[in-house]
Structures are given as C-alpha cells and as structure tokens.
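Visitor: I'd like to ask you about the structure that follows.
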Amino acid sequence: MSLEGPYDSQNIFAKMLRGEMACVKAFEDDVALAIMDVFPQSPGHTLVLPKIPARNFLDLPADKVGPYIERVQRLARAVRKAFSPDGVTIMQFNGAAAGQSVFHAHFHIVPRWEGVNIKRHGAAGMADQEELKAQAAKIASALQSN
C-alpha cells in the first residue's frame with residue numbers, strides 16, 4: 001500500500017482500539033493504547049497506537065503528535081525499567097515500501113541486549129499469551145512507579 005489513501009477502519013489495530021479484537025494491553029489512556037506485539041522481536045516488544053484514525057505517522061494531525069509522542073517516550077522508559085535492556089530501538093514505518101504492514105500509525109519499542117540478535121518479525125510464530133500478559137504487567141508496574 002502506498003502512503004496515500006483512505007483510512008481502513010477494519011484494520012486489526014482499529015478493531016483492537018474499539019474492543020472488537022483481543023490484545024494484551026500494557027497501557028491505555030485517552031491518547032494512546034500500548035499493546036504487546038504478538039510476534040515479538042525480543043521480550044517486551046511493545047506497540048504504541050494513537051487512538052485517532054491515521055494510516056501512518058504522516059497522517060497524524062499536528063496537534064495530536066506531541067501528546068502521542070509523549071506516550072511513546074513514557075512507554076519506552078517503562079520498557080527500559082521493566083526489562084533492563086542494554087538499549088531500546090524505537091521504530092516507526094510509513095507505507096508498505098518502508099515495512100509497514102498494519103495501516104494504522106504505531107511505534108515499536110524493542111528492548112535490545114548486547115550480543116543478542118533480535119528475531120525477524122513473525123519468524124518465531126505467535127508468542128505465548130500468558131508470557132505476553134506477564135510482560136505487560138511488568139511494564140504497567142514500571143509505569144506506576146515512575
């Protein structure tokens with residue numbers, strides 16, 4: 001899909017935001033929803049979705065960017081606190097050519113450890129739901145203690 005086009009209200013993230021599809025939530029407020037990636041590249045891989053319909057970051061209204069990015073940063077700090085990685089990769093893709101596969105704006109927060117390669121997205125199959133719930137609880141706890 002190109003960068004241009006209408007927003008598809010039936011995409012998987014839109015359904016999660018409406019509560020029509022299950023997800024493992026780590027955080028939610030009126031601006032964003034943070035969920036555990038079901039195809040994680042490393043333990044703690046978190047997705048942060050804005051609550052407004054936008055195909056990609058370029059489609060976000062300017063007045064919504066600041067509050068959304070604040071949530072991304074807050075979640076990245078919580079992931080760092082919860083998992084104690086050596087580094088954190090924060091990624092965002094715009095359009096299929098850039099690697100975007102779900103056409104609702106979102107950021108990936110991927111904890112990284114020295115000498116440990118991250119998995120290719122989806123390569124290891126779907127993660128265990130109980131493991132994801134435990135990771136989400138660690139992130140939620142880290143948010144509470146900030």
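Residue numbers start at 1 in each chain; chains themselves are named A, B, ... in the order of the structure tokens; ligands are numbered from 1 in the order shown.
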What's the 12 Å shell around A:Ala22, counting only C-alpha atoms, without same-chain residues fewer than 5 positions away, as number ranges by chain?

Guide: A: 12-17, 35-36, 38, 129

Visitor: Considering only C-alpha atoms, return as a ChimeraX atom specification whatever protein or nucleic-acid residues lie within 9 Å of stretch 138-144 of chain A, sequence-local ones (same chain, fewer than 3 positions apart) excluded.

Guide: /A:25-27,44,74-75,77-83,133-135

Visitor: Dump N, CA, C and O atoms for the selected residues as a compact mmCIF listing (two decimals), in the first residue's frame?

Guide:
```
# COMPACT_ATOMS: atom_id res chain seq x y z
N LYS A 25 -2.92 -5.60 26.70
CA LYS A 25 -2.68 -4.18 26.96
C LYS A 25 -1.64 -3.99 28.06
O LYS A 25 -1.70 -4.64 29.09
N ALA A 26 -0.74 -3.06 27.81
CA ALA A 26 0.23 -2.66 28.82
C ALA A 26 -0.13 -1.29 29.39
O ALA A 26 0.22 -0.96 30.51
N PHE A 27 -0.87 -0.48 28.59
CA PHE A 27 -1.21 0.89 28.98
C PHE A 27 -2.34 1.36 28.09
O PHE A 27 -2.41 1.00 26.91
N GLY A 44 9.37 -8.06 25.68
CA GLY A 44 8.99 -6.68 25.98
C GLY A 44 8.64 -5.84 24.77
O GLY A 44 8.31 -4.67 24.91
N ARG A 74 7.14 7.78 27.26
CA ARG A 74 6.80 7.23 28.58
C ARG A 74 6.83 5.71 28.57
O ARG A 74 7.35 5.07 29.48
N LEU A 75 6.29 5.11 27.51
CA LEU A 75 6.30 3.65 27.39
C LEU A 75 7.71 3.13 27.19
O LEU A 75 8.08 2.09 27.76
N ARG A 77 10.44 4.41 28.33
CA ARG A 77 11.09 4.45 29.64
C ARG A 77 10.62 3.32 30.53
O ARG A 77 11.42 2.72 31.27
N ALA A 78 9.33 3.01 30.48
CA ALA A 78 8.79 1.91 31.28
C ALA A 78 9.33 0.56 30.81
O ALA A 78 9.66 -0.30 31.64
N VAL A 79 9.45 0.38 29.50
CA VAL A 79 10.02 -0.86 28.97
C VAL A 79 11.47 -0.99 29.43
O VAL A 79 11.90 -2.06 29.85
N ARG A 80 12.20 0.11 29.39
CA ARG A 80 13.60 0.09 29.87
C ARG A 80 13.66 -0.30 31.34
O ARG A 80 14.46 -1.14 31.74
N LYS A 81 12.79 0.28 32.14
CA LYS A 81 12.78 -0.02 33.58
C LYS A 81 12.36 -1.46 33.84
O LYS A 81 12.93 -2.14 34.68
N ALA A 82 11.37 -1.95 33.09
CA ALA A 82 10.83 -3.29 33.31
C ALA A 82 11.78 -4.40 32.88
O ALA A 82 11.83 -5.46 33.51
N PHE A 83 12.55 -4.18 31.81
CA PHE A 83 13.36 -5.26 31.23
C PHE A 83 14.87 -5.05 31.34
O PHE A 83 15.63 -5.95 31.00
N LYS A 133 1.17 -11.44 28.77
CA LYS A 133 0.45 -10.81 29.89
C LYS A 133 1.41 -10.50 31.03
O LYS A 133 1.31 -9.43 31.66
N ALA A 134 2.34 -11.40 31.30
CA ALA A 134 3.33 -11.16 32.36
C ALA A 134 4.23 -9.97 31.98
O ALA A 134 4.56 -9.14 32.85
N GLN A 135 4.62 -9.88 30.71
CA GLN A 135 5.44 -8.75 30.27
C GLN A 135 4.67 -7.44 30.37
O GLN A 135 5.21 -6.42 30.81
```

Visitor: Would you please work out which residue, of A:Ala137, A:Leu3, A:Ile109, A:Val116, is nearest to A:Asn56 when using only C-alpha atoms?

Guide: A:Leu3
